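Have a look at my_file06.cif; it's mmCIF, C-alpha atoms:
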```cif
data_run
#
loop_
_atom_site.label_atom_id
_atom_site.label_comp_id
_atom_site.auth_asym_id
_atom_site.auth_seq_id
_atom_site.Cartn_x
_atom_site.Cartn_y
_atom_site.Cartn_z
CA MET A 15 1.69 27.68 60.02
CA PRO A 16 0.38 29.23 63.22
CA LEU A 17 -3.32 28.79 64.02
CA PRO A 18 -5.92 30.90 62.14
CA ARG A 19 -6.55 34.18 63.94
CA LEU A 20 -9.76 36.00 64.81
CA ILE A 21 -9.21 39.75 65.09
CA PRO A 22 -12.04 41.99 66.31
CA CYS A 23 -11.73 45.53 64.96
CA LEU A 24 -12.76 48.53 67.06
CA ASP A 25 -13.41 51.93 65.49
CA VAL A 26 -12.26 54.53 68.00
CA ALA A 27 -12.27 58.30 68.44
CA ALA A 28 -10.94 60.08 71.53
CA GLY A 29 -10.54 56.76 73.33
CA ARG A 30 -14.16 55.71 72.82
CA VAL A 31 -15.59 53.06 70.56
CA VAL A 32 -17.81 54.69 67.96
CA LYS A 33 -20.29 53.52 65.37
CA GLY A 34 -21.56 55.32 62.34
CA VAL A 35 -22.56 54.87 58.76
CA ARG A 36 -19.87 56.09 56.38
CA PHE A 37 -18.26 57.98 59.26
CA GLU A 38 -21.38 60.18 59.61
CA GLY A 39 -23.50 60.46 62.73
CA LEU A 40 -20.98 58.81 65.01
CA ARG A 41 -22.44 57.25 68.11
CA ASP A 42 -20.47 56.47 71.29
CA VAL A 43 -20.87 52.80 72.16
CA GLY A 44 -18.43 52.45 75.04
CA ASP A 45 -14.89 52.61 76.39
CA ALA A 46 -12.31 51.17 74.00
CA VAL A 47 -10.21 49.51 76.72
CA GLU A 48 -13.23 47.86 78.35
CA LEU A 49 -14.54 46.49 75.05
CA GLY A 50 -11.02 45.36 74.09
CA ALA A 51 -10.66 43.55 77.42
CA ALA A 52 -14.04 41.89 76.98
CA TYR A 53 -13.02 40.66 73.51
CA SER A 54 -9.74 39.38 74.96
CA ASP A 55 -11.66 37.46 77.62
CA ALA A 56 -13.97 36.11 74.89
CA GLY A 57 -11.00 34.57 73.06
CA ALA A 58 -9.83 37.22 70.57
CA ASP A 59 -6.40 36.31 69.17
CA GLU A 60 -5.50 39.94 68.49
CA LEU A 61 -7.26 43.29 68.31
CA VAL A 62 -7.21 46.18 65.87
CA PHE A 63 -7.96 49.71 67.04
CA LEU A 64 -8.73 51.97 64.11
CA ASP A 65 -8.72 55.69 64.80
CA ILE A 66 -11.38 56.88 62.40
CA LYS A 67 -10.82 60.60 62.90
CA ALA A 68 -7.02 60.57 62.94
CA THR A 69 -6.69 64.32 63.30
CA LEU A 70 -3.71 66.02 64.87
CA GLU A 71 -5.61 66.65 68.13
CA GLU A 72 -6.61 63.02 68.13
CA ARG A 73 -2.98 61.84 68.04
CA ALA A 74 -2.30 62.43 71.74
CA SER A 75 -5.49 60.72 72.85
CA LEU A 76 -4.63 57.75 70.63
CA VAL A 77 -1.24 57.31 72.33
CA GLN A 78 -2.99 57.51 75.70
CA LEU A 79 -5.48 54.88 74.60
CA VAL A 80 -2.68 52.58 73.43
CA ARG A 81 -0.97 52.87 76.80
CA ARG A 82 -4.20 52.03 78.63
CA VAL A 83 -4.78 49.03 76.38
CA ALA A 84 -1.22 47.77 76.88
CA GLU A 85 -1.54 48.07 80.64
CA ARG A 86 -4.79 46.11 80.61
CA LEU A 87 -4.39 43.46 77.91
CA ALA A 88 -1.96 40.58 77.38
CA ILE A 89 -2.72 39.89 73.70
CA PRO A 90 -1.21 41.60 70.65
CA PHE A 91 -2.87 44.63 69.10
CA THR A 92 -2.53 46.78 66.01
CA VAL A 93 -3.27 50.50 65.79
CA GLY A 94 -4.24 52.24 62.59
CA GLY A 95 -5.37 55.64 61.48
CA GLY A 96 -3.29 58.73 60.88
CA VAL A 97 0.16 57.13 60.86
CA ARG A 98 2.00 59.23 58.28
CA ALA A 99 5.58 59.16 59.55
CA VAL A 100 7.95 56.81 61.35
CA ASP A 101 7.83 58.93 64.50
CA ASP A 102 4.02 58.54 64.71
CA ALA A 103 4.42 54.78 64.55
CA ALA A 104 7.33 54.65 67.01
CA ALA A 105 5.27 56.61 69.57
CA LEU A 106 2.46 54.05 69.28
CA LEU A 107 4.86 51.12 69.71
CA ASP A 108 6.60 52.79 72.65
CA ALA A 109 3.16 53.11 74.25
CA GLY A 110 2.70 49.35 73.94
CA ALA A 111 1.17 48.65 70.51
CA ASP A 112 2.60 45.63 68.69
CA LYS A 113 1.94 46.80 65.14
CA VAL A 114 0.80 49.82 63.21
CA SER A 115 -1.27 49.75 60.07
CA VAL A 116 -0.85 52.21 57.23
CA ASN A 117 -3.06 52.71 54.22
CA SER A 118 -3.36 56.05 52.36
CA ALA A 119 -0.01 57.29 53.68
CA ALA A 120 1.74 54.30 52.12
CA LEU A 121 -0.04 54.86 48.82
CA ASP A 122 0.95 58.55 48.86
CA ARG A 123 4.56 57.71 49.68
CA PRO A 124 5.44 53.99 49.37
CA GLU A 125 8.93 54.61 50.86
CA LEU A 126 7.14 54.96 54.22
CA ILE A 127 6.78 51.15 54.37
CA ALA A 128 10.55 50.60 54.21
CA GLU A 129 11.15 53.38 56.73
CA LEU A 130 8.71 51.76 59.17
CA ALA A 131 10.14 48.26 58.65
CA GLY A 132 13.70 49.55 59.08
CA ARG A 133 12.93 51.19 62.41
CA LEU A 134 10.30 48.84 63.86
CA GLY A 135 10.84 45.53 62.07
CA SER A 136 8.55 44.05 59.41
CA GLN A 137 6.54 42.16 62.03
CA ALA A 138 5.24 45.53 63.27
CA VAL A 139 4.12 46.86 59.88
CA VAL A 140 0.65 46.08 58.52
CA VAL A 141 -0.26 47.53 55.15
CA ALA A 142 -4.03 47.94 54.88
CA ILE A 143 -5.42 47.76 51.36
CA ASP A 144 -8.98 48.72 50.38
CA VAL A 145 -10.00 47.11 47.11
CA SER A 146 -12.97 47.33 44.75
CA ALA A 147 -13.18 45.37 41.50
CA GLY A 148 -9.46 44.66 41.69
CA GLU A 149 -8.45 48.33 42.08
CA VAL A 150 -6.88 49.83 45.20
CA TYR A 151 -8.70 52.80 46.77
CA SER A 152 -7.26 55.33 49.22
CA HIS A 153 -8.74 57.76 51.72
CA ALA A 154 -11.18 55.38 53.39
CA GLY A 155 -12.21 53.85 50.10
CA THR A 156 -13.16 57.11 48.41
CA ARG A 157 -10.37 57.64 45.87
CA PRO A 158 -9.39 55.21 43.12
CA THR A 159 -5.61 54.96 42.77
CA GLY A 160 -5.28 53.14 39.46
CA ARG A 161 -3.21 50.46 41.20
CA GLU A 162 -4.02 46.79 40.71
CA VAL A 163 -4.44 45.07 44.05
CA THR A 164 -2.05 42.11 43.75
CA ALA A 165 0.69 44.35 42.33
CA TRP A 166 0.34 46.77 45.26
CA ALA A 167 0.28 43.94 47.82
CA LEU A 168 3.47 42.50 46.34
CA GLU A 169 5.13 45.92 46.28
CA ALA A 170 4.17 46.42 49.94
CA GLU A 171 5.78 43.07 50.80
CA GLN A 172 8.92 43.91 48.86
CA ARG A 173 9.18 47.25 50.65
CA GLY A 174 9.04 45.48 54.02
CA ALA A 175 5.41 45.02 55.08
CA GLY A 176 4.90 42.15 57.53
CA GLU A 177 1.21 41.61 56.85
CA VAL A 178 -1.52 42.72 54.45
CA LEU A 179 -4.93 43.67 55.81
CA LEU A 180 -7.18 43.34 52.78
CA THR A 181 -10.64 44.94 52.90
CA SER A 182 -13.09 44.42 50.08
CA ILE A 183 -15.10 47.62 49.69
CA ASP A 184 -17.62 45.67 47.62
CA ALA A 185 -18.21 43.07 50.34
CA ASP A 186 -17.83 45.36 53.37
CA GLY A 187 -21.06 45.75 55.28
CA THR A 188 -23.02 43.34 53.07
CA ARG A 189 -22.74 40.46 55.55
CA GLU A 190 -22.87 38.15 52.53
CA GLY A 191 -19.37 36.78 52.93
CA TYR A 192 -15.77 37.82 52.37
CA ASP A 193 -14.59 38.51 48.83
CA LEU A 194 -12.84 35.17 48.44
CA PRO A 195 -11.52 35.58 44.86
CA VAL A 196 -9.61 38.79 45.63
CA THR A 197 -8.42 37.43 48.98
CA ARG A 198 -7.18 34.26 47.28
CA ALA A 199 -5.42 36.27 44.57
CA VAL A 200 -3.60 38.47 47.10
CA ALA A 201 -2.68 35.49 49.30
CA ALA A 202 -1.20 33.79 46.22
CA ALA A 203 0.74 36.93 45.22
CA VAL A 204 2.53 37.47 48.55
CA THR A 205 4.41 35.28 51.05
CA ILE A 206 3.53 37.40 54.11
CA PRO A 207 0.36 36.69 56.13
CA VAL A 208 -2.94 38.07 54.82
CA ILE A 209 -5.82 39.26 57.02
CA ALA A 210 -9.22 39.09 55.28
CA SER A 211 -11.70 41.86 55.99
CA GLY A 212 -15.19 42.86 54.95
CA GLY A 213 -18.43 40.96 54.47
CA ALA A 214 -18.62 38.48 57.35
CA GLY A 215 -22.19 37.61 58.27
CA THR A 216 -21.95 34.03 59.50
CA ALA A 217 -19.44 31.58 60.99
CA ALA A 218 -19.38 29.80 57.62
CA HIS A 219 -18.17 33.02 55.98
CA VAL A 220 -15.35 33.35 58.51
CA ALA A 221 -14.39 29.69 58.05
CA GLU A 222 -14.21 30.20 54.26
CA ALA A 223 -11.99 33.25 54.69
CA LEU A 224 -9.68 31.36 57.06
CA GLY A 225 -9.30 28.70 54.38
CA VAL A 226 -7.74 31.35 52.14
CA ALA A 227 -6.18 33.91 54.52
CA GLN A 228 -4.24 33.56 57.78
CA ALA A 229 -6.59 35.73 59.83
CA ALA A 230 -10.06 37.24 59.67
CA LEU A 231 -10.96 40.74 60.78
CA LEU A 232 -14.30 40.83 62.57
CA ALA A 233 -16.31 44.04 62.70
CA SER A 234 -20.06 44.25 62.10
CA ILE A 235 -20.55 40.51 62.67
CA LEU A 236 -19.73 41.10 66.33
CA HIS A 237 -21.92 44.20 66.81
CA GLU A 238 -19.62 45.33 69.66
CA ASN A 239 -20.87 42.23 71.48
CA PRO A 240 -18.14 40.03 73.03
CA ALA A 241 -20.67 37.23 73.68
CA ARG A 242 -21.01 36.90 69.89
CA LEU A 243 -17.28 36.15 69.70
CA VAL A 244 -17.72 33.30 72.17
CA SER A 245 -20.54 31.74 70.12
CA LEU A 246 -18.66 32.40 66.86
CA ARG A 247 -15.63 30.52 68.16
CA GLU A 248 -17.88 27.59 69.10
CA GLU A 249 -19.48 27.59 65.65
CA LEU A 250 -16.06 27.74 63.97
CA ALA A 251 -14.79 24.85 66.11
CA ALA A 252 -17.84 22.84 65.03
CA LEU A 253 -16.94 23.63 61.41
CA GLY A 254 -13.48 22.15 62.01
CA VAL A 255 -11.50 25.43 62.17
CA PRO A 256 -8.55 24.88 64.53
CA LEU A 257 -8.56 27.77 67.02
CA ARG A 258 -6.36 28.19 70.04
CA ASP A 259 -7.62 27.15 73.47
CA ALA A 260 -7.88 30.62 75.00
CA ALA A 261 -8.39 29.45 78.61
CA MET B 24 -2.80 45.55 89.29
CA CYS B 25 -3.05 42.79 91.85
CA GLY B 26 -1.79 44.03 95.18
CA ARG B 27 0.29 41.21 96.54
CA MET B 28 4.02 41.38 95.94
CA ARG B 29 5.86 38.17 95.21
CA ARG B 30 7.90 37.30 98.30
CA LYS B 31 11.07 35.29 98.22
CA GLY B 32 12.04 32.90 101.03
CA ASP B 33 13.64 35.74 103.01
CA GLY B 34 10.56 37.93 102.72
CA THR B 35 11.93 40.38 100.13
CA VAL B 36 10.36 40.94 96.71
CA THR B 37 11.87 39.37 93.59
CA GLY B 38 13.72 42.13 91.77
CA VAL B 39 13.34 42.02 87.99
CA ARG B 40 15.34 44.35 85.76
CA ILE B 41 14.47 44.74 82.09
CA CYS B 42 17.32 45.78 79.81
CA GLU B 43 16.64 49.01 77.91
CA TYR B 44 19.00 49.33 74.97
CA GLY B 45 17.12 51.33 72.38
CA ALA B 46 15.16 48.43 70.91
CA GLY B 47 11.79 49.99 71.67
CA ASN B 48 8.77 48.55 73.40
CA THR B 49 9.62 47.34 76.90
CA LEU B 50 6.26 48.40 78.32
CA SER B 51 4.34 45.18 77.68
CA VAL B 52 7.03 43.04 79.34
CA GLU B 53 7.15 45.45 82.27
CA VAL B 54 3.38 45.40 82.75
CA ALA B 55 3.17 41.60 82.49
CA LEU B 56 5.85 41.07 85.15
CA ARG B 57 4.37 43.71 87.44
CA ARG B 58 1.01 41.92 87.27
CA LEU B 59 2.79 38.93 88.84
CA GLY B 60 3.78 41.06 91.84
CA ALA B 61 7.48 41.37 91.05
CA ASP B 62 9.49 44.54 91.75
CA VAL B 63 10.07 45.58 88.13
CA ALA B 64 12.20 48.35 86.67
CA VAL B 65 13.57 49.15 83.24
CA THR B 66 17.28 50.00 83.18
CA SER B 67 20.25 50.56 80.93
CA GLU B 68 22.72 50.45 83.86
CA PRO B 69 25.03 47.38 83.77
CA ALA B 70 25.30 47.38 87.59
CA ASP B 71 21.50 47.14 87.95
CA VAL B 72 21.36 44.30 85.45
CA LEU B 73 24.15 42.47 87.30
CA ALA B 74 22.47 42.82 90.69
CA ALA B 75 18.90 41.82 89.72
CA ASP B 76 17.33 38.57 90.90
CA LEU B 77 16.10 38.16 87.32
CA ALA B 78 17.35 40.05 84.28
CA VAL B 79 15.16 40.21 81.18
CA LEU B 80 16.43 40.86 77.67
CA PRO B 81 13.42 41.74 75.52
CA GLY B 82 13.69 42.83 71.94
CA VAL B 83 12.10 43.60 68.66
CA GLY B 84 13.95 44.99 65.68
CA SER B 85 17.15 43.93 64.01
CA ALA B 86 20.06 41.96 65.45
CA ALA B 87 22.80 44.36 64.38
CA SER B 88 21.30 47.50 65.93
CA ALA B 89 20.29 45.58 69.06
CA MET B 90 23.81 44.19 69.61
CA ALA B 91 25.27 47.64 69.03
CA GLY B 92 22.85 49.05 71.63
CA LEU B 93 23.80 46.38 74.17
CA GLU B 94 27.53 46.90 73.62
CA ALA B 95 27.29 50.70 73.74
CA ARG B 96 25.65 50.59 77.18
CA GLY B 97 27.91 47.91 78.64
CA LEU B 98 24.93 45.58 78.91
CA ALA B 99 26.45 42.80 76.80
CA GLY B 100 29.23 42.36 79.35
CA ALA B 101 26.82 42.56 82.29
CA LEU B 102 24.60 39.85 80.79
CA ARG B 103 27.58 37.55 80.10
CA GLU B 104 28.89 38.10 83.61
CA ARG B 105 25.60 37.34 85.36
CA VAL B 106 24.95 34.19 83.30
CA ALA B 107 28.52 33.00 84.00
CA ALA B 108 27.77 33.53 87.70
CA GLY B 109 24.62 31.41 87.42
CA ARG B 110 22.13 34.25 87.85
CA PRO B 111 18.69 33.78 86.21
CA THR B 112 18.31 35.57 82.89
CA LEU B 113 15.41 35.52 80.42
CA GLY B 114 15.64 36.45 76.73
CA ILE B 115 12.45 37.09 74.76
CA CYS B 116 12.13 36.82 70.94
CA LEU B 117 15.12 38.80 69.59
CA GLY B 118 16.50 38.38 73.14
CA LEU B 119 16.77 34.64 72.48
CA GLN B 120 18.40 35.20 69.09
CA LEU B 121 20.93 37.67 70.53
CA ALA B 122 21.95 35.08 73.15
CA LEU B 123 23.25 32.74 70.43
CA GLU B 124 26.81 32.74 69.09
CA GLN B 125 25.76 34.44 65.88
CA SER B 126 22.89 35.56 63.67
CA GLU B 127 22.71 35.51 59.89
CA GLU B 128 20.56 38.67 60.05
CA ASP B 129 22.02 41.93 58.69
CA GLY B 130 24.76 40.05 56.83
CA GLY B 131 26.02 38.26 59.94
CA VAL B 132 26.18 39.52 63.53
CA ALA B 133 28.11 38.12 66.49
CA GLY B 134 25.78 37.37 69.41
CA LEU B 135 26.27 37.21 73.18
CA GLY B 136 27.31 33.54 73.09
CA LEU B 137 25.19 32.57 76.08
CA LEU B 138 23.80 29.68 74.02
CA PRO B 139 25.44 27.54 71.33
CA GLY B 140 24.14 27.93 67.79
CA ARG B 141 22.90 30.67 65.52
CA ALA B 142 19.81 32.54 64.37
CA VAL B 143 18.72 31.73 60.82
CA ARG B 144 16.05 33.18 58.54
CA LEU B 145 12.81 31.20 58.45
CA ARG B 146 12.57 29.47 55.09
CA GLU B 147 9.18 27.77 55.23
CA GLY B 148 5.64 29.07 55.50
CA ARG B 149 4.69 32.73 55.47
CA VAL B 150 7.37 35.03 56.88
CA PRO B 151 7.13 36.85 59.25
CA ARG B 152 5.65 33.90 61.14
CA ILE B 153 2.87 35.65 63.04
CA GLY B 154 0.25 34.14 65.31
CA TRP B 155 -0.50 31.66 68.05
CA ALA B 156 1.06 28.22 67.74
CA PRO B 157 1.24 25.22 70.09
CA VAL B 158 4.51 24.64 71.92
CA GLU B 159 5.70 21.12 72.71
CA PRO B 160 6.00 19.68 75.27
CA GLY B 161 2.76 20.85 76.84
CA GLY B 162 0.77 21.76 73.73
CA GLU B 163 -0.23 25.24 74.95
CA ALA B 164 -0.41 27.98 72.30
CA PHE B 165 1.79 31.08 72.58
CA TYR B 166 2.04 34.16 70.37
CA PHE B 167 4.94 34.36 67.91
CA ALA B 168 6.02 37.20 65.60
CA HIS B 169 9.40 36.52 63.98
CA SER B 170 11.36 36.17 60.74
CA TYR B 171 14.45 34.49 62.24
CA ALA B 172 14.70 31.48 64.55
CA ALA B 173 17.32 29.79 66.71
CA GLU B 174 19.22 26.69 65.62
CA THR B 175 20.72 25.41 68.85
CA SER B 176 21.59 22.20 70.66
CA ALA B 177 20.16 23.81 73.83
CA ALA B 178 16.53 23.67 72.60
CA THR B 179 14.07 22.58 75.27
CA ALA B 180 10.75 23.23 73.49
CA ARG B 181 9.62 23.51 69.88
CA SER B 182 6.68 24.89 67.93
CA GLU B 183 6.04 23.34 64.51
CA GLY B 184 9.66 22.20 64.62
CA ILE B 185 10.95 25.72 65.34
CA VAL B 186 12.90 26.34 68.55
CA ALA B 187 10.45 27.89 71.02
CA GLU B 188 12.61 27.72 74.15
CA ALA B 189 16.30 27.09 74.82
CA ARG B 190 18.10 26.79 78.13
CA LEU B 191 21.70 26.63 79.21
CA GLY B 192 22.81 27.13 82.79
CA SER B 193 20.94 30.09 84.22
CA PHE B 194 19.82 31.47 80.83
CA VAL B 195 16.45 30.71 79.30
CA GLY B 196 15.34 32.16 75.99
CA VAL B 197 11.91 32.00 74.36
CA GLN B 198 11.01 32.75 70.76
CA PHE B 199 7.37 33.50 71.62
CA HIS B 200 6.12 36.57 73.45
CA PRO B 201 4.92 35.44 76.90
CA GLU B 202 3.85 39.02 77.65
CA LYS B 203 1.44 38.85 74.70
CA SER B 204 0.32 35.26 75.19
CA GLY B 205 -2.63 35.80 77.51
CA ALA B 206 -3.12 33.39 80.42
CA ALA B 207 -0.60 30.85 79.07
CA GLY B 208 2.04 33.56 78.86
CA ALA B 209 1.35 34.79 82.38
CA ARG B 210 1.72 31.26 83.72
CA TYR B 211 5.03 30.91 81.87
CA LEU B 212 6.40 34.18 83.27
CA GLU B 213 5.26 33.25 86.75
CA ARG B 214 7.32 30.04 86.56
CA VAL B 215 10.39 31.99 85.45
CA VAL B 216 9.97 34.55 88.26
CA ARG B 217 9.41 31.80 90.82
CA GLU B 218 12.57 29.97 89.70
CA ALA B 219 14.51 33.24 90.04
CA GLY B 220 13.10 34.12 93.47
#
```
Represent the supplied structure as structure tokens.
Amino acid sequence: MPLPRLIPCLDVAAGRVVKGVRFEGLRDVGDAVELGAAYSDAGADELVFLDIKATLEERASLVQLVRRVAERLAIPFTVGGGVRAVDDAAALLDAGADKVSVNSAALDRPELIAELAGRLGSQAVVVAIDVSAGEVYSHAGTRPTGREVTAWALEAEQRGAGEVLLTSIDADGTREGYDLPVTRAVAAAVTIPVIASGGAGTAAHVAEALGVAQAALLASILHENPARLVSLREELAALGVPLRDAA
Amino acid sequence: MCGRMRRKGDGTVTGVRICEYGAGNTLSVEVALRRLGADVAVTSEPADVLAADLAVLPGVGSAASAMAGLEARGLAGALRERVAAGRPTLGICLGLQLALEQSEEDGGVAGLGLLPGRAVRLREGRVPRIGWAPVEPGGEAFYFAHSYAAETSAATARSEGIVAEARLGSFVGVQFHPEKSGAAGARYLERVVREAG
């Protein structure tokens, strides 16, 4: 297996990194390319840029952002938010993204996963799943779908997904640790890589997640602070997690 | 963008041509090579590919559609001709797999035959195999994202037993993505460009 991956996640709108609680009261905290570059320098294995507005007007600025990131960075990155059709995804990959992530659009129309994999290859298709108490939620975690999480993860794999990005709504933002039972259950159900997300507060939490999943998404634990990634990597190395030498 | 162009012995800049054949994302490869100071252009013209100091065959997607795209543009012949003439050529990821005699992807596809062997589906671990993994010899980690891998007697480097690099004559193919492999990837590309210049 490749080395465990640390993947900082940046919430973006109109090319800027934004912060807010439940998408309300968004605050601009910097340029997305600059923060992405700083994370890359700090040893990020990949990045995720999540367009949290994902409106039609936002689409053009997202493609522009992707191009700027690709011109600046030499590590892989995923773009999510608002991908509803194969052409949306192809435009992002043409602009230099390595992967796209889909969530609600895939739940609305599961055939989208196969369409994306057919055009872009499975390695470019991340299916993001938001879960609470074993049930999949759509629309940024607001709508229960009635789908059981391991069944949906397996269906996504069978339709051509290359990775699952699994976010526990229950753990997200608590900083009390990843939801290991649900992560373990999904990792056991599929044979594609799983990225754990939601709940990281300490290096020990991240190490636990990397014992179950192939990668860990890092959001609030980093506080938009690349120096925290440097110290986190040191703490993980001390805990015996094998990370790449990013020099 | 660093300003200095890479000069060859005669003072001209190393000309790199990236094959465009409908397989999507060539931008990252283009940007990575331009950072090294090479004169880089993307082309689907066989004559440009033949004349370049270094030709690059990138690729994501499926073997069958990629081979069809290369054949339709006359690029398959141009690549065979330049490798036969000993001109430096680099294949990346699917570009390595296409260089083999055949691939078992898409029910079996004939490749360019620049390297002996075939591309086979990965059968161990999680597939796609995605992430950074050490490459031996050297031990440096590079970024991989693939579901098929080369089986070839021309292997010159491996990662977890999987062929990471293969060379024959003037062709070199890598399974990893040097353009996405940070500083290690940039150093790798620089060596390839220097050898071509």
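The space separating CA of Leu119 in chain B from CA of Gly196 in chain B comes to 4.5 Å.
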Determine, counting all atoms listed in the file, which protein, DNA and RNA residues have an atom within 8 Å of an atom of Ala142 in chain B; residues of the same chain fewer than 5 positions away are not included. Present the result as a PDB file with C-alpha atoms, in the frame of the given file.
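Output below, filename result_11.pdb:
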```pdb
ATOM      1  CA  GLN B 120      18.400  35.200  69.090  1.00  0.00           C
ATOM      2  CA  LEU B 123      23.250  32.740  70.430  1.00  0.00           C
ATOM      3  CA  GLN B 125      25.760  34.440  65.880  1.00  0.00           C
ATOM      4  CA  SER B 126      22.890  35.560  63.670  1.00  0.00           C
ATOM      5  CA  GLU B 127      22.710  35.510  59.890  1.00  0.00           C
ATOM      6  CA  GLU B 128      20.560  38.670  60.050  1.00  0.00           C
ATOM      7  CA  TYR B 171      14.450  34.490  62.240  1.00  0.00           C
ATOM      8  CA  ALA B 172      14.700  31.480  64.550  1.00  0.00           C
ATOM      9  CA  ALA B 173      17.320  29.790  66.710  1.00  0.00           C
ATOM     10  CA  GLU B 174      19.220  26.690  65.620  1.00  0.00           C
TER      11      GLU B 174
END
```
Residue by residue, what does the PyMOL selection byres ((chain B and resi 49-55) around 7) grab here? Present the result as a JSON list (two decimals) with C-alpha atoms, in the coordinates of the input.
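For reference, expr-v6.json as written:
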```json
[["chain", "number", "residue", "atom", "x", "y", "z"],
["A", 84, "ALA", "CA", -1.22, 47.77, 76.88],
["A", 85, "GLU", "CA", -1.54, 48.07, 80.64],
["A", 109, "ALA", "CA", 3.16, 53.11, 74.25],
["A", 110, "GLY", "CA", 2.70, 49.35, 73.94],
["B", 47, "GLY", "CA", 11.79, 49.99, 71.67],
["B", 48, "ASN", "CA", 8.77, 48.55, 73.40],
["B", 56, "LEU", "CA", 5.85, 41.07, 85.15],
["B", 57, "ARG", "CA", 4.37, 43.71, 87.44],
["B", 58, "ARG", "CA", 1.01, 41.92, 87.27],
["B", 59, "LEU", "CA", 2.79, 38.93, 88.84],
["B", 63, "VAL", "CA", 10.07, 45.58, 88.13],
["B", 81, "PRO", "CA", 13.42, 41.74, 75.52],
["B", 202, "GLU", "CA", 3.85, 39.02, 77.65]]
```
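Each of A:Val32, A:Val178, A:Ala227, A:Leu87 was checked against chain B using only C-alpha atoms; the smallest atom-to-atom distance is that of A:Leu87.
You will find CA of Ser204 in chain B at 5.2 Å from CA of Tyr166 in chain B.
CA of Gly92 in chain B lies 14.7 Å from CA of Val72 in chain B.
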Based on only C-alpha atoms, which of the residues in chain A come within 8 Å of chain B? I want them as a PyMOL selection string. chain A and resi 15-19+59+84-85+87-90+104+107-110+133-137+176-177+205-207+258-261
Test item: the PyMOL selection byres ((chain A and resi 116) around 6) resolved as a short mmCIF file (atom, residue, chain, number, x, y, z; two decimals) with C-alpha atoms, in the frame of the given file:
```cif
data_model
loop_
_atom_site.label_atom_id
_atom_site.label_comp_id
_atom_site.auth_asym_id
_atom_site.auth_seq_id
_atom_site.Cartn_x
_atom_site.Cartn_y
_atom_site.Cartn_z
CA SER A 115 -1.27 49.75 60.07
CA ASN A 117 -3.06 52.71 54.22
CA VAL A 141 -0.26 47.53 55.15
CA ALA A 142 -4.03 47.94 54.88
#
```
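Those residues returned by the PyMOL selection byres ((chain B and resi 178) around 10) for this file are B:Leu138, B:Pro139, B:Gly140, B:Ala173, B:Glu174, B:Thr175, B:Ser176, B:Ala177, B:Thr179, B:Ala180, B:Arg181, B:Ile185, B:Val186, B:Ala187, B:Glu188, B:Ala189, B:Arg190, B:Leu191, B:Val195, B:Gly196, B:Val197.
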